[in-house]
Each structure stands twice: as C-alpha cells, then as structure tokens.
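Participant: First, the structure itself, so that you have it in front of you.
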Amino acid sequence: MTNTELINDIGKIIVFLMILLSIFLITVKSTKKVSNNLFAIFLLVTAFDFIGMFLEISNNTLNSLKIASVLLQMPLYYLYVQSVCYFNFKLERKHFLHAILFLVVFILLFSTNISDRSYIIFQTLSKVQYYCYIIAVFFTLIQFKKLYQENYAANHKNTYKWLLQITILFLIGNCFVLFRSFITSENNSNLLANINLLISVFALFVICWFVLKALYQPKLFLGVDKNLTTLKTIQKSTTETEQALQLLSEYMNTEKPYLNPELNLQKLAISLNLPEKQLSQLINKHIGKHFFDYVNEYRINDAKTLLKEKTDLTVLEILYQIGFNSKSSFYTAFKKETLQTPLAYRKSTI
C-alpha cells in the first residue's frame, strides 16, 4: 500500500469518527448542550476540510466553501473553550461576527474561481487568524485558572488541563502543516508524502484521544461563573482585617463549610456576611493561599485525623466525607500537603 492510499484510508476513518462523534454530541441528553453543539459543529466543519484527503472536489462553489471553512475552525474552537470554562456562557448575536472572515474569503475564492492570488490571500489570512485565536484561547485558559483558584473549592484543574492539552495538540499539528508549506514537491516528493502521512496519523490520534476523554471523563465540562472578576486590592484597616480573619477562622473551624464539595467563594462570603472581594483578598493576600488551596488545607487536616483514628474507614469513604468528589483530586491535594499518599500516611501513624 502506497502512502497516498494509506492517507486516503486514514482520512476516511477520521471523517467517519468526526461525523459519528458529532451525531453523538448533538443527540446525547446533557446539561452541556451549548458546549456539545459547538464542538459538534467544529468537528463537522473540520471533517468537511478533511474530505480533501481522499476526495477531489471539482465544483467551484463546494471547493471554495471547503477551503474557506478552515476560517471557521478556530472561531468555533475558541467559543467551545469559552463554553466549557464558563457554565453560564450563552451564544449571542455578537458571536456570529466570528464568521465574517469566512464569508469574505468564500466570496473572494468563489468570484475568482480560486485564483492563485486569492488562494495566497486565504493562506495568509488563515495563518494570522489561527495564531490570533490561539493567543485568545491561552488568555481564556489563564483567566479560567485564576478564577477557579480564587473562587472555587471544587476541582476544575482537570478541565483546565484537558483544554490546555488539546490546544497544545492543535498547535503541534499546525506546526506540522506550517513545516509542510515550506517544502516544494519538485525535489522532495518522498519527504512531502511522509509529512502528509504524519499529519494524517497525528490527526487520527487527536480525534481518537478526544473520543476516549469525552467518554471516560464527562466531568471535564464543569465550568465557572464568567461574571466573576479576578482579585483587586481593597483597602482595609489592620483592625478590620484582623477581625475578618478571626471571623473566617472561627467559622471554618466550627461550621466546617468545607465539607460541602460545592463550596465556593460566593457561598462562603454570604455565610460570613462579607463582600466577596474582601474575602478573596483575606485569603489570597493575608493568608497567602488561593481559595482552592485554603479550603483543601482544612479538608486534608480532617483527612489526616480520620486516617489516623478511624482505621475502619476506607480512603474512598474518607475523601467523600471531608468534601472531595473525586479520588484523583484528593490524592493530589493530600500529597501536596503531606508529601505522602493517604495510605502511606495511615501506615506511618500506626
């Protein structure tokens, strides 16, 4: 089997998987319909582009549409990242402005019958657009990480890690494509064929990896409140600060709100009758921890007590009892605090 035949077959598999996953995302019952639908559309648009791996389109309209559709991929992925990061994200009319470049280029390609000049314009615009959206995605992820650390006790780290990984994979794939663009087919036909094969195998790996992640880790799509803002300094007197810190410490020790896995900064601020920004500043600036780490410190202290005194309880029973909702997040937090696994800690106290 030649490289061309192999690439054709891989392309068919990729398109099939993308369409199949798109149908699943659109039809499955879920509270994350916006995220699912955005990613389904992204997959369908990408699948339309990948058809070129095994099917030559001669119709000018369809071919212009296929080429220009590349300019929809990154806007759709950017909106998907937004919808996953922020649970209250909603599609609005302004979001359709992301499709303007696609429409302009499609008209240009169609009207010129995909001339060399119009295709060069498309290539230039697609590269500039790609990196602009990549920067926007990384900025969104940075903001998302800061917000969930400052405002949430629930573990959003896996969501952040997943989106970061898939974005980096997209960036690596684009580097392969960029490298291919510098190779001429006249003297490097074998190298070009091998790079095309590498790109197709890499694309197959990415889509399969996403399918497995989506199936086995559905909690990746939690999201935080997009209306939250990052911490800004609030000036308070030393006495007021000390009183607020004492109030916070007493409430955490007596009421134990951290036992609720859904505890967030807003809920704690309401219970203490303090402004959210003031509470956030108390924890971040005066205690020196993110809200996420601050709450987990109380949970881990309880865990150490239970591991030592309640030997009849399993680690799984303990982690749910102290406010964690997953084994992985508990193990990560426990090891960060004690430099030991829960089982190793229990053995050391016997």
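How things are named: the first chain in the structure tokens is A, the next is B, and so on; residues count from 1 in each chain; ligands count from 1 in the order shown.
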Leaving out Asn296 (chain A) and any residue of its chain fewer than 6 positions from it, which residues lie within 9 Å of it when counting only C-alpha atoms, given as a list in words?

Facilitator: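 Using only C-alpha atoms, the neighbours found are Ala153, Tyr258, Gly323, Phe324, Phe330, Ala333, Phe334 and Glu337 of chain A.
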
Participant: Residues within 6 Å of region 48-58 of chain A, please, as a list in words. Count only C-alpha atoms; anything in the same chain fewer than 4 positions from it doesn't count.

Facilitator: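 Final neighbour list, sorted by chain and number: Asn8, Gly11, Asn63 and Lys66 of chain A.
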
Participant: Those selected residues, please, written with N, CA and C atoms and delivered as a short mmCIF file (atom, residue, chain, number, x, y, z; two decimals), in the first residue's frame.

Facilitator:
```cif
data_model
loop_
_atom_site.label_atom_id
_atom_site.label_comp_id
_atom_site.auth_asym_id
_atom_site.auth_seq_id
_atom_site.Cartn_x
_atom_site.Cartn_y
_atom_site.Cartn_z
N ASN A 8 -5.40 8.25 2.25
CA ASN A 8 -6.81 8.23 1.87
C ASN A 8 -7.65 7.44 2.86
N GLY A 11 -7.83 9.22 6.19
CA GLY A 11 -8.75 10.34 6.05
C GLY A 11 -10.20 9.92 6.17
N ASN A 63 -15.78 23.66 -3.60
CA ASN A 63 -14.35 23.75 -3.32
C ASN A 63 -14.02 25.06 -2.60
N LYS A 66 -15.19 24.64 0.94
CA LYS A 66 -14.30 23.75 1.71
C LYS A 66 -13.05 24.49 2.16
#
```

Participant: Just checking: using only C-alpha atoms, which residue out of A:Thr238, A:Asn60, A:Gln165, A:Gln143 ends up closest to Phe210 (chain A)?

Facilitator: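 Looking only at the distances to Phe210 (chain A), the closest residue turns out to be A:Gln165.
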
Participant: Rounded to one decimal, what separation in Å do you get between CA of Glu276 (chain A) and CA of Tyr298 (chain A)?

Facilitator: 19.9 Å

Participant: Report the residues of region 33-75 of chain A whose backbone DSSP state falls under alpha helix (DSSP H), written as a PyMOL selection string.

Facilitator: chain A and resi 33-50+60-68+70-75

Participant: Generate the output file for the selected residues, N, CA and C atoms, as a tab-separated table (two decimals), in the first residue's frame.

Facilitator:
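As a result, selection05.tsv now contains:
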```tsv
chain	number	residue	atom	x	y	z
A	33	LYS	N	-25.42	21.38	26.54
A	33	LYS	CA	-25.81	21.35	25.14
A	33	LYS	C	-25.04	22.37	24.30
A	34	VAL	N	-24.80	23.55	24.84
A	34	VAL	CA	-24.10	24.57	24.07
A	34	VAL	C	-22.68	24.11	23.74
A	35	SER	N	-21.97	23.59	24.76
A	35	SER	CA	-20.62	23.09	24.55
A	35	SER	C	-20.61	21.94	23.55
A	36	ASN	N	-21.52	20.99	23.76
A	36	ASN	CA	-21.59	19.83	22.87
A	36	ASN	C	-21.88	20.24	21.44
A	37	ASN	N	-22.83	21.15	21.26
A	37	ASN	CA	-23.21	21.58	19.91
A	37	ASN	C	-22.08	22.34	19.23
A	38	LEU	N	-21.38	23.19	19.98
A	38	LEU	CA	-20.27	23.93	19.40
A	38	LEU	C	-19.16	23.00	18.95
A	39	PHE	N	-18.86	22.01	19.79
A	39	PHE	CA	-17.79	21.10	19.39
A	39	PHE	C	-18.24	20.19	18.25
A	40	ALA	N	-19.50	19.84	18.23
A	40	ALA	CA	-20.04	19.02	17.14
A	40	ALA	C	-19.92	19.77	15.81
A	41	ILE	N	-20.26	21.07	15.82
A	41	ILE	CA	-20.15	21.87	14.60
A	41	ILE	C	-18.68	22.02	14.19
A	42	PHE	N	-17.81	22.21	15.20
A	42	PHE	CA	-16.37	22.28	14.93
A	42	PHE	C	-15.89	21.00	14.25
A	43	LEU	N	-16.33	19.85	14.75
A	43	LEU	CA	-15.92	18.57	14.17
A	43	LEU	C	-16.45	18.41	12.76
A	44	LEU	N	-17.69	18.82	12.52
A	44	LEU	CA	-18.28	18.69	11.18
A	44	LEU	C	-17.56	19.58	10.17
A	45	VAL	N	-17.25	20.82	10.59
A	45	VAL	CA	-16.53	21.73	9.71
A	45	VAL	C	-15.13	21.18	9.40
A	46	THR	N	-14.47	20.64	10.43
A	46	THR	CA	-13.14	20.06	10.24
A	46	THR	C	-13.21	18.82	9.35
A	47	ALA	N	-14.27	18.01	9.54
A	47	ALA	CA	-14.46	16.82	8.71
A	47	ALA	C	-14.63	17.21	7.24
A	48	PHE	N	-15.36	18.28	6.99
A	48	PHE	CA	-15.56	18.78	5.63
A	48	PHE	C	-14.21	19.14	4.99
A	49	ASP	N	-13.32	19.74	5.81
A	49	ASP	CA	-11.98	20.09	5.33
A	49	ASP	C	-11.17	18.82	5.05
A	50	PHE	N	-11.30	17.79	5.91
A	50	PHE	CA	-10.53	16.56	5.77
A	50	PHE	C	-11.00	15.69	4.61
A	60	ASN	N	-16.73	24.46	-8.24
A	60	ASN	CA	-16.12	25.69	-7.73
A	60	ASN	C	-16.75	26.15	-6.41
A	61	THR	N	-18.07	26.06	-6.32
A	61	THR	CA	-18.77	26.51	-5.11
A	61	THR	C	-18.37	25.66	-3.91
A	62	LEU	N	-18.43	24.33	-4.07
A	62	LEU	CA	-18.09	23.43	-2.97
A	62	LEU	C	-16.62	23.54	-2.59
A	63	ASN	N	-15.78	23.66	-3.60
A	63	ASN	CA	-14.35	23.75	-3.32
A	63	ASN	C	-14.02	25.06	-2.60
A	64	SER	N	-14.63	26.16	-3.02
A	64	SER	CA	-14.43	27.45	-2.34
A	64	SER	C	-14.93	27.39	-0.90
A	65	LEU	N	-16.07	26.72	-0.72
A	65	LEU	CA	-16.64	26.57	0.61
A	65	LEU	C	-15.74	25.72	1.50
A	66	LYS	N	-15.19	24.64	0.94
A	66	LYS	CA	-14.30	23.75	1.71
A	66	LYS	C	-13.05	24.49	2.16
A	67	ILE	N	-12.44	25.23	1.24
A	67	ILE	CA	-11.22	25.97	1.57
A	67	ILE	C	-11.50	27.05	2.61
A	68	ALA	N	-12.55	27.83	2.39
A	68	ALA	CA	-12.88	28.92	3.31
A	68	ALA	C	-13.33	28.43	4.68
A	70	VAL	N	-12.02	26.51	6.62
A	70	VAL	CA	-10.90	26.47	7.56
A	70	VAL	C	-10.96	27.68	8.50
A	71	LEU	N	-11.49	28.79	8.00
A	71	LEU	CA	-11.56	30.02	8.79
A	71	LEU	C	-12.70	30.00	9.82
A	72	LEU	N	-13.46	28.91	9.83
A	72	LEU	CA	-14.48	28.73	10.86
A	72	LEU	C	-13.99	27.85	12.01
A	73	GLN	N	-12.94	27.10	11.78
A	73	GLN	CA	-12.49	26.11	12.76
A	73	GLN	C	-12.03	26.74	14.07
A	74	MET	N	-11.10	27.69	14.01
A	74	MET	CA	-10.59	28.29	15.24
A	74	MET	C	-11.63	29.14	15.97
A	75	PRO	N	-12.48	29.92	15.26
A	75	PRO	CA	-13.55	30.62	15.99
A	75	PRO	C	-14.47	29.66	16.73
```

Participant: Residues at most 10 Å from Asn325 (chain A), counting only C-alpha atoms, excluding those fewer than 3 positions away in the same chain, as a list in words?

Facilitator: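 The neighbour list is Ala154, Asn155, Asn260, Pro261, Glu262, Leu316, Leu319, Tyr320, Gln321, Ile322, Ser328, Ser329 and Phe330 of chain A.
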
Participant: Need the shell around Gln123 (chain A): protein/DNA/RNA residues with any atom at most 12 Å away, counting only C-alpha atoms. Skip same-chain ones fewer than 2 positions apart. Format as number ranges by chain?

Facilitator: A: 67-68, 70-71, 105, 109, 114, 116-121, 125-130, 177-178, 181

Participant: Using N, CA and C atoms, can you write the selected residues to a file as a compact mmCIF listing (two decimals), in the first residue's frame?

Facilitator:
```
# COMPACT_ATOMS: atom_id res chain seq x y z
N ILE A 67 -12.44 25.23 1.24
CA ILE A 67 -11.22 25.97 1.57
C ILE A 67 -11.50 27.05 2.61
N ALA A 68 -12.55 27.83 2.39
CA ALA A 68 -12.88 28.92 3.31
C ALA A 68 -13.33 28.43 4.68
N VAL A 70 -12.02 26.51 6.62
CA VAL A 70 -10.90 26.47 7.56
C VAL A 70 -10.96 27.68 8.50
N LEU A 71 -11.49 28.79 8.00
CA LEU A 71 -11.56 30.02 8.79
C LEU A 71 -12.70 30.00 9.82
N VAL A 105 -13.78 35.62 2.61
CA VAL A 105 -12.85 34.78 1.84
C VAL A 105 -13.60 33.85 0.90
N LEU A 109 -12.87 33.70 -3.02
CA LEU A 109 -12.47 32.47 -3.73
C LEU A 109 -13.47 32.11 -4.82
N ILE A 114 -11.07 30.55 -7.46
CA ILE A 114 -9.89 30.13 -6.68
C ILE A 114 -8.60 30.41 -7.46
N ASP A 116 -4.77 31.93 -8.10
CA ASP A 116 -3.54 31.83 -7.29
C ASP A 116 -3.45 32.99 -6.29
N ARG A 117 -3.81 34.18 -6.75
CA ARG A 117 -3.72 35.34 -5.87
C ARG A 117 -4.70 35.25 -4.70
N SER A 118 -5.95 34.85 -4.98
CA SER A 118 -6.95 34.74 -3.92
C SER A 118 -6.57 33.62 -2.94
N TYR A 119 -5.95 32.56 -3.45
CA TYR A 119 -5.55 31.46 -2.57
C TYR A 119 -4.40 31.89 -1.65
N ILE A 120 -3.48 32.71 -2.18
CA ILE A 120 -2.38 33.23 -1.35
C ILE A 120 -2.94 34.13 -0.25
N ILE A 121 -3.94 34.95 -0.61
CA ILE A 121 -4.59 35.80 0.40
C ILE A 121 -5.23 34.94 1.49
N LEU A 125 -4.26 35.00 5.48
CA LEU A 125 -5.29 35.32 6.47
C LEU A 125 -5.51 34.16 7.44
N SER A 126 -5.47 32.93 6.93
CA SER A 126 -5.72 31.77 7.79
C SER A 126 -4.62 31.61 8.83
N LYS A 127 -3.37 31.89 8.45
CA LYS A 127 -2.26 31.80 9.41
C LYS A 127 -2.39 32.87 10.49
N VAL A 128 -2.66 34.11 10.06
CA VAL A 128 -2.81 35.21 11.03
C VAL A 128 -3.98 34.92 11.97
N GLN A 129 -5.11 34.49 11.40
CA GLN A 129 -6.29 34.20 12.21
C GLN A 129 -6.01 33.09 13.21
N TYR A 130 -5.32 32.04 12.76
CA TYR A 130 -5.05 30.89 13.63
C TYR A 130 -4.31 31.32 14.89
N VAL A 177 1.83 21.29 9.68
CA VAL A 177 1.28 21.87 8.45
C VAL A 177 2.14 23.04 7.99
N LEU A 178 2.61 23.86 8.93
CA LEU A 178 3.45 25.00 8.60
C LEU A 178 4.76 24.54 7.99
N SER A 181 4.40 23.50 4.41
CA SER A 181 4.23 24.60 3.44
C SER A 181 5.55 25.10 2.89
```

Participant: Show which residues sit within 9 Å of Ile14 (chain A), as an MDAnalysis selection string. Count only C-alpha atoms, and ignore same-chain residues fewer than 3 positions away.

Facilitator: chainID A and resid 9:11 17:19 47 50 200 203:204 207:208

Participant: In terms of the shortest atom-to-atom distance over only C-alpha atoms, which of A:Gln243, A:Thr338, A:Phe291, A:Ile134 is closest to Ile172 (chain A)?

Facilitator: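 For Ile172 (chain A), the nearest of the given residues is A:Ile134.
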
Participant: Which residues are near Thr140 (chain A)? Cut-off 9 Å, only C-alpha atoms, ignore same chain within fewer than 3 positions. Put them as a list in words.

Facilitator: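 Close residues of Thr140 (chain A): Tyr78, Val81, Gln82, Cys85, Ile135, Ala136, Val137, Gln143, Phe144 and Lys145 of chain A.
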
Participant: Nearest to Leu108 (chain A): which of A:Phe138, A:Phe122, A:Tyr133, A:Trp209 is it, counting only C-alpha atoms?

Facilitator: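 Smallest distance to Leu108 (chain A) is found for A:Phe122.
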
Participant: Mind pulling up the distance from CA of Phe16 (chain A) to CA of Leu191 (chain A)?

Facilitator: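 Going from CA of Leu191 (chain A) over to CA of Phe16 (chain A) covers 27.3 Å.
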
Participant: Considering only C-alpha atoms, return as an MDAnalysis selection string whatever protein or nucleic-acid residues lie within 12 Å of region 269-274 of chain A, sequence-local ones (same chain, fewer than 3 positions apart) excluded.

Facilitator: chainID A and resid 151:152 240:241 243:252 255:257 263:266 277:283 291
